[in-house]
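**Q** Next up is a structure, given as structure tokens.
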There are 2 protein chains.
Amino acid sequence: MTPATGTGFAARLDAALHDTDSLLSVGLDPRAARTPLAQLEDFCKRVIDATAAYAAVYKPNSAFYEVHGGKGIDVLARVIEYVPAGRIVILDAKRGDIGPTAEAYATAAFETLGADAVTVSPYLGSDAIAPFLARPDRGAFVLCHTSNPGARELQTVTVDGEPLYLRVAGLTAAWAVANVGLVVGATYPDAVARVRARVGAIPILLPGVGSQGGDVEAAVAAGLDANGRGLVVNSARESIYAADPGAAARDLRDRINAARAVRSAAPGMGR
Amino acid sequence: MTPATGTGFAARLDAALHDTDSLLSVGLDPRAARTPLAQLEDFCKRVIDATAAYAAVYKPNSAFYEVHGGKGIDVLARVIEYVPAGRIVILDAKRGDIGPTAEAYATAAFETLGADAVTVSPYLGSDAIAPFLARPDRGAFVLCHTSNPGARELQTVTVDGEPLYLRVAGLTAAWAVANVGLVVGATYPDAVARVRARVGAIPILLPGVGSQGGDVEAAVAAGLDANGRGLVVNSARESIYAADPGAAARDLRDRINAARAVRSAAPGMGR
């Protein structure tokens with residue numbers, strides 16, 4: 001899945017969402033206890049085959065490959081390569097380091113593994129994220145408000161009258177680059193709405209629907225951009241370990257699209 | 001370097017610092033441009049051989065192995081295995097993820113790779129760090145105040161009248177576990193002193209001396225615990241790419257120990 005030369009990341013992501021008529025991301029997160037190394041590659045490829053008609057994005061989480069050592073990393077590279085053209089691969093790695101180390105992580109994600117985008121942590125500041133934004137055809141999604149209970153410990157502390165996660169959203173918007181996105185958990189739809197209001201058209205990656213309890217309809221309504229896109233809704237366990245991963249992906253895509261239809265019919269759309 | 005059964009991480013780290021009479025950590029961070037994959041393992045093992053008499057800790061940064069793909073990860077595991085008994089290996093990976101993903105990262109660091117400790121990000125909150133603290137004989141160092149310029153963007157915002165990094169230090173201390181440490185950059189000795197005053201005996205990992213500009217004497221004076229230990233001073237480029245890595249490591253160990261001697265002779269020591 002090598003991108004067409006000269007096409008920026010934002011345009012590639014938007015084309016994937018538009019052309020597939022889907023905001024669905026399938027999280028390729030196979031648990032070692034259920035999917036041992038010997039089955040890892042076939043398992044992921046079968047999930048991709050079953051879901052490719054319904055997914056715009058695939059999001060493998062690096063942890064589930066790293067746990068298998070070097071062989072797991074080699075599988076990850078082959079799984080990323082296997083994703084069909086026209087889809088986006090977001091490597092969920094939540095990297096964050098400084099200077100030459102961040103450059104090495106970016107090279108690992110984009111060149112060694114071939115991902116289109118990577119998730120990154122904001123805690124170290126802009127200079128730790130810049131190396132992930134140095135390739136215009138590749139992108140980075142900055143953790144803003146995560147889907148877990150602990151999100152309320154640091155991300156919502158009040159800084160100058162607003163929660164820290166909105167400070168992160170504002171900093172990210174201030175970079176004014178076309179290849180950055182934000183991660184906001186579906187379990188906090190109010191946070192999704194506040195981030196969307198703050199950042200305008202920046203794409204939002206929305207984990208946490210399904211087993212984590214995020215409400216699809218509320219989160220989609222809160223997160224869509226003015227074009228009814230700009231949002232990537234990730235589902236992992238519920239899709240890949242479903243009895244029929246294709247049917248599960250199709251059903252979730254349809255629920256997301258139904259929520260989009262409601263939103264686009266609502267007053268106030270198109271702000 | 002498998003730990004003795006039943007020995008907790010804090011005791012193992014303290015024993016390494018005491019028995020080697022050194023607070024030095026050698027950062028095993030070989031740059032791909034200078035050290036290609038074919039030379040990676042030999043290079044790291046030669047650095048370990050040359051510095052083992054002077055280092056209490058080795059700190060490989062995962063990025064510099066990940067950039068080489070699966071083969072790089074396999075080298076990393078063998079390099080960690082090669083570290084002599086009685087030394088501590090801190091895998092600098094700055095991981096941070098939730099629930100089962102954090103558990104997979106912890107398994108990757110401690111079991112797949114065999115590290116004694118790992119660096120983790122605080123942005124996602126306590127539940128994202130807990131899986132790294134679940135093995136009493138292994139530890140986690142939480143990013144608190146990093147050594148880079150961007151540290152001033154989020155880490156020093158004011159929350160309830162104090163900088164965010166002290167909030168992180170306070171949360172970490174409140175867990176009251178024996179196997180957690182903090183990362184505080186040597187480039188900000190005032191932050192080192194404030195963290196030490198806040199957390200009592202929690203070990204501090206101090207990156208950023210040497211090429212990043214951190215002043216060894218100031219940072220050591222600020223960071224020592226009441227026993228004159230509790231501090232790990234990391235040096236990477238200056239050690240591993242020195243003309244004589246052993247001599248560079250010995251010289252830095254001696255400078256650190258001279259600063260310890262000054263501190264222990266100063267009034268107020270032993271608070």
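Going by the structure tokens order, chains are called A, B, ..., each with residues numbered from 1, while ligands are numbered from 1 in the order shown.
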Which neighbours of Pro245 (chain B) fall inside 8 Å, counting only C-alpha atoms, when residues of the same chain fewer than 4 positions from it are skipped, and could you give them as a list in words?
**A**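 Final neighbour list, sorted by chain and number: Val47, Ala50, Thr51, Ser239, Ile240, Tyr241 and Ala249 of chain B.
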**Q** Can you tell me, as a list in words, what residues are no more than 8 Å from region 60-64 of chain A when counting only C-alpha atoms, ignoring any on the same chain fewer than 5 positions away?
**A**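 That gives Gly27, Leu28, Asp29, Pro30, Arg31, Ala32, Leu76, Val89, Ile90, Leu91, Asp92 and Ala93 of chain A; Thr101, Ala102, Ala104, Tyr105 and Ala108 of chain B.
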**Q** Next, the residues of the selection above should be written as a compact mmCIF listing (two decimals), in the first residue's frame with all heavy atoms.
**A**
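For reference, out33.txt as written:
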```
# COMPACT_ATOMS: atom_id res chain seq x y z
N GLY A 27 -9.62 -2.51 13.89
CA GLY A 27 -8.43 -2.61 14.74
C GLY A 27 -7.85 -4.01 14.70
O GLY A 27 -8.46 -4.95 15.20
N LEU A 28 -6.69 -4.13 14.11
CA LEU A 28 -6.06 -5.46 13.96
C LEU A 28 -5.23 -5.75 15.21
O LEU A 28 -4.01 -5.62 15.21
CB LEU A 28 -5.20 -5.49 12.70
CG LEU A 28 -5.97 -5.29 11.38
CD1 LEU A 28 -4.99 -5.11 10.21
CD2 LEU A 28 -6.90 -6.47 11.11
N ASP A 29 -5.93 -6.17 16.26
CA ASP A 29 -5.31 -6.32 17.59
C ASP A 29 -5.48 -7.75 18.08
O ASP A 29 -6.19 -8.01 19.06
CB ASP A 29 -5.99 -5.37 18.59
CG ASP A 29 -5.85 -3.90 18.20
OD1 ASP A 29 -5.09 -3.59 17.27
OD2 ASP A 29 -6.50 -3.07 18.85
N PRO A 30 -4.82 -8.70 17.47
CA PRO A 30 -5.01 -10.10 17.88
C PRO A 30 -4.31 -10.41 19.21
O PRO A 30 -3.12 -10.15 19.34
CB PRO A 30 -4.38 -10.89 16.74
CG PRO A 30 -3.68 -9.92 15.87
CD PRO A 30 -3.84 -8.54 16.40
N ARG A 31 -5.06 -10.95 20.15
CA ARG A 31 -4.50 -11.30 21.45
C ARG A 31 -3.67 -12.58 21.36
O ARG A 31 -4.14 -13.57 20.78
CB ARG A 31 -5.62 -11.53 22.47
CG ARG A 31 -6.63 -10.42 22.55
CD ARG A 31 -5.98 -9.13 23.03
NE ARG A 31 -6.92 -8.02 22.87
CZ ARG A 31 -7.81 -7.67 23.80
NH1 ARG A 31 -7.87 -8.34 24.93
NH2 ARG A 31 -8.63 -6.66 23.59
N ALA A 32 -2.51 -12.53 21.99
CA ALA A 32 -1.61 -13.69 21.92
C ALA A 32 -2.27 -14.96 22.47
O ALA A 32 -2.03 -16.06 21.97
CB ALA A 32 -0.32 -13.40 22.69
N LEU A 76 3.77 -8.02 11.22
CA LEU A 76 3.12 -6.71 11.15
C LEU A 76 3.41 -6.02 9.82
O LEU A 76 2.50 -5.48 9.17
CB LEU A 76 3.57 -5.84 12.34
CG LEU A 76 3.08 -4.39 12.38
CD1 LEU A 76 1.56 -4.30 12.33
CD2 LEU A 76 3.62 -3.68 13.63
N VAL A 89 -3.62 2.84 6.57
CA VAL A 89 -3.16 2.07 7.73
C VAL A 89 -2.62 3.03 8.80
O VAL A 89 -1.66 3.75 8.55
CB VAL A 89 -2.06 1.05 7.36
CG1 VAL A 89 -1.53 0.36 8.62
CG2 VAL A 89 -2.59 0.03 6.37
N ILE A 90 -3.28 3.03 9.95
CA ILE A 90 -2.80 3.81 11.09
C ILE A 90 -2.13 2.84 12.06
O ILE A 90 -2.80 1.96 12.61
CB ILE A 90 -3.95 4.54 11.81
CG1 ILE A 90 -4.70 5.47 10.84
CG2 ILE A 90 -3.41 5.33 13.01
CD1 ILE A 90 -5.96 6.12 11.45
N LEU A 91 -0.83 2.98 12.23
CA LEU A 91 -0.12 2.16 13.22
C LEU A 91 -0.36 2.76 14.60
O LEU A 91 0.08 3.89 14.87
CB LEU A 91 1.37 2.12 12.90
CG LEU A 91 2.22 1.33 13.91
CD1 LEU A 91 1.89 -0.16 13.87
CD2 LEU A 91 3.70 1.55 13.66
N ASP A 92 -1.08 2.03 15.44
CA ASP A 92 -1.37 2.54 16.77
C ASP A 92 -0.20 2.17 17.67
O ASP A 92 -0.08 1.03 18.12
CB ASP A 92 -2.68 1.96 17.30
CG ASP A 92 -3.20 2.74 18.49
OD1 ASP A 92 -2.52 3.67 18.97
OD2 ASP A 92 -4.32 2.42 18.94
N ALA A 93 0.68 3.13 17.88
CA ALA A 93 1.91 2.85 18.62
C ALA A 93 2.12 3.84 19.77
O ALA A 93 2.93 3.60 20.64
CB ALA A 93 3.11 2.90 17.68
N THR B 101 -3.80 -3.81 26.02
CA THR B 101 -2.69 -3.36 25.18
C THR B 101 -1.47 -3.05 26.04
O THR B 101 -0.34 -3.42 25.71
CB THR B 101 -3.11 -2.13 24.37
OG1 THR B 101 -4.39 -2.36 23.80
CG2 THR B 101 -2.11 -1.85 23.27
N ALA B 102 -1.70 -2.37 27.18
CA ALA B 102 -0.60 -2.11 28.10
C ALA B 102 -0.04 -3.43 28.63
O ALA B 102 1.18 -3.57 28.79
CB ALA B 102 -1.07 -1.22 29.25
N ALA B 104 0.07 -6.22 27.01
CA ALA B 104 0.89 -6.79 25.93
C ALA B 104 2.24 -6.08 25.84
O ALA B 104 3.28 -6.72 25.64
CB ALA B 104 0.15 -6.71 24.60
N TYR B 105 2.24 -4.76 26.00
CA TYR B 105 3.53 -4.03 26.00
C TYR B 105 4.40 -4.47 27.17
O TYR B 105 5.62 -4.60 27.03
CB TYR B 105 3.29 -2.52 26.09
CG TYR B 105 3.06 -1.83 24.77
CD1 TYR B 105 1.98 -0.98 24.58
CD2 TYR B 105 3.96 -1.98 23.71
CE1 TYR B 105 1.77 -0.32 23.37
CE2 TYR B 105 3.76 -1.33 22.50
CZ TYR B 105 2.66 -0.49 22.33
OH TYR B 105 2.47 0.16 21.14
N ALA B 108 5.82 -7.78 26.36
CA ALA B 108 6.88 -7.62 25.34
C ALA B 108 8.18 -7.13 25.98
O ALA B 108 9.26 -7.65 25.69
CB ALA B 108 6.42 -6.63 24.26
```
**Q** As an exercise, work out the distance from CA of Ser147 (chain B) to CA of Val159 (chain A) in Å and give it to one decimal place.
**A** 22.1 Å
**Q** Give me the residues near region 38-43 of chain A as JSON, numbers by chain, where near means some atom within 6 Å (using only C-alpha atoms) and where sequence neighbours in that chain fewer than 3 positions away do not count.
**A** {"A": [35, 46, 75]}
**Q** Rank B:Asp190, B:Glu162, B:Glu153, B:Asp244 by their smallest atom-to-atom distance to Val220 (chain B), using only C-alpha atoms, and report the top residue only.
**A**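 Using only C-alpha atoms, Val220 (chain B) sits closest to B:Asp190.
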**Q** Would you please work out which residue, of B:Ser25, B:Thr20, B:Ser121, B:Thr7, is nearest to chain A when using only C-alpha atoms?
**A**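 The shortest atom-to-atom distance to chain A comes from B:Ser121.
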**Q** Need the shell around Ala222 (chain A): protein/DNA/RNA residues with any atom at most 10 Å away, counting only C-alpha atoms. Skip same-chain ones fewer than 4 positions apart. Format as a PDB file with N, CA, C and O atoms, in the first residue's frame?
**A**
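Output contents, as saved in around-v1.pdb:
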```pdb
ATOM      1  N   ALA A 186     -14.375   7.501  22.092  1.00  0.00           N
ATOM      2  CA  ALA A 186     -15.830   7.528  21.914  1.00  0.00           C
ATOM      3  C   ALA A 186     -16.572   7.452  23.239  1.00  0.00           C
ATOM      4  O   ALA A 186     -17.761   7.766  23.309  1.00  0.00           O
ATOM      5  N   TYR A 188     -16.229   9.360  25.634  1.00  0.00           N
ATOM      6  CA  TYR A 188     -16.430  10.717  26.159  1.00  0.00           C
ATOM      7  C   TYR A 188     -16.983  11.614  25.043  1.00  0.00           C
ATOM      8  O   TYR A 188     -16.266  12.471  24.521  1.00  0.00           O
ATOM      9  N   PRO A 189     -18.265  11.425  24.655  1.00  0.00           N
ATOM     10  CA  PRO A 189     -18.800  12.182  23.523  1.00  0.00           C
ATOM     11  C   PRO A 189     -18.767  13.696  23.733  1.00  0.00           C
ATOM     12  O   PRO A 189     -18.618  14.447  22.759  1.00  0.00           O
ATOM     13  N   ASP A 190     -18.873  14.160  24.981  1.00  0.00           N
ATOM     14  CA  ASP A 190     -18.765  15.604  25.216  1.00  0.00           C
ATOM     15  C   ASP A 190     -17.381  16.116  24.823  1.00  0.00           C
ATOM     16  O   ASP A 190     -17.252  17.203  24.253  1.00  0.00           O
ATOM     17  N   ALA A 191     -16.368  15.322  25.141  1.00  0.00           N
ATOM     18  CA  ALA A 191     -15.006  15.715  24.766  1.00  0.00           C
ATOM     19  C   ALA A 191     -14.860  15.719  23.241  1.00  0.00           C
ATOM     20  O   ALA A 191     -14.210  16.604  22.670  1.00  0.00           O
ATOM     21  N   VAL A 192     -15.482  14.736  22.579  1.00  0.00           N
ATOM     22  CA  VAL A 192     -15.433  14.702  21.110  1.00  0.00           C
ATOM     23  C   VAL A 192     -16.020  15.995  20.548  1.00  0.00           C
ATOM     24  O   VAL A 192     -15.428  16.647  19.672  1.00  0.00           O
ATOM     25  N   ALA A 193     -17.171  16.405  21.070  1.00  0.00           N
ATOM     26  CA  ALA A 193     -17.829  17.622  20.566  1.00  0.00           C
ATOM     27  C   ALA A 193     -16.974  18.864  20.831  1.00  0.00           C
ATOM     28  O   ALA A 193     -16.852  19.739  19.967  1.00  0.00           O
ATOM     29  N   ARG A 194     -16.371  18.932  22.011  1.00  0.00           N
ATOM     30  CA  ARG A 194     -15.565  20.113  22.333  1.00  0.00           C
ATOM     31  C   ARG A 194     -14.310  20.177  21.477  1.00  0.00           C
ATOM     32  O   ARG A 194     -13.874  21.253  21.062  1.00  0.00           O
ATOM     33  N   VAL A 195     -13.704  19.006  21.213  1.00  0.00           N
ATOM     34  CA  VAL A 195     -12.515  18.994  20.354  1.00  0.00           C
ATOM     35  C   VAL A 195     -12.916  19.403  18.939  1.00  0.00           C
ATOM     36  O   VAL A 195     -12.256  20.235  18.302  1.00  0.00           O
ATOM     37  N   ARG A 196     -13.994  18.845  18.430  1.00  0.00           N
ATOM     38  CA  ARG A 196     -14.426  19.203  17.072  1.00  0.00           C
ATOM     39  C   ARG A 196     -14.697  20.701  16.968  1.00  0.00           C
ATOM     40  O   ARG A 196     -14.270  21.353  16.012  1.00  0.00           O
ATOM     41  N   ALA A 197     -15.341  21.259  17.964  1.00  0.00           N
ATOM     42  CA  ALA A 197     -15.633  22.696  17.931  1.00  0.00           C
ATOM     43  C   ALA A 197     -14.342  23.520  17.940  1.00  0.00           C
ATOM     44  O   ALA A 197     -14.266  24.579  17.331  1.00  0.00           O
ATOM     45  N   VAL A 216     -21.923   4.669  19.697  1.00  0.00           N
ATOM     46  CA  VAL A 216     -21.554   5.005  18.322  1.00  0.00           C
ATOM     47  C   VAL A 216     -22.294   6.251  17.855  1.00  0.00           C
ATOM     48  O   VAL A 216     -21.688   7.192  17.329  1.00  0.00           O
ATOM     49  N   GLU A 217     -23.606   6.270  18.043  1.00  0.00           N
ATOM     50  CA  GLU A 217     -24.404   7.363  17.485  1.00  0.00           C
ATOM     51  C   GLU A 217     -24.009   8.704  18.105  1.00  0.00           C
ATOM     52  O   GLU A 217     -23.847   9.708  17.410  1.00  0.00           O
ATOM     53  N   ALA A 218     -23.859   8.721  19.439  1.00  0.00           N
ATOM     54  CA  ALA A 218     -23.500   9.972  20.112  1.00  0.00           C
ATOM     55  C   ALA A 218     -22.120  10.454  19.670  1.00  0.00           C
ATOM     56  O   ALA A 218     -21.924  11.644  19.400  1.00  0.00           O
ATOM     57  N   LEU A 231     -13.694  11.779  10.351  1.00  0.00           N
ATOM     58  CA  LEU A 231     -13.842  10.965  11.543  1.00  0.00           C
ATOM     59  C   LEU A 231     -13.550   9.514  11.175  1.00  0.00           C
ATOM     60  O   LEU A 231     -14.024   9.030  10.150  1.00  0.00           O
ATOM     61  N   ARG A 263     -27.269  13.158  11.313  1.00  0.00           N
ATOM     62  CA  ARG A 263     -26.532  14.395  11.543  1.00  0.00           C
ATOM     63  C   ARG A 263     -26.690  15.351  10.362  1.00  0.00           C
ATOM     64  O   ARG A 263     -26.905  16.555  10.537  1.00  0.00           O
TER      65      ARG A 263
END
```
**Q** Return the neighbours of chain B among the residues of chain A, cut-off 7 Å, counting only C-alpha atoms, as a ChimeraX atom specification.
**A** /A:63-64,66-71,73-74,94-96,98,101,104-105,107-108,112,123-127,146,148,150-151,153-155,157-159
**Q** CA of Asp137 (chain B) to CA of Val118 (chain B): how many Å, to one decimal?
**A** 12.2 Å
**Q** Using only C-alpha atoms, can you tell me which of A:Ala221, A:Ala247, A:Ala173, A:Val184 comes closest to Leu206 (chain A)?
**A**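 Using only C-alpha atoms, Leu206 (chain A) sits closest to A:Val184.
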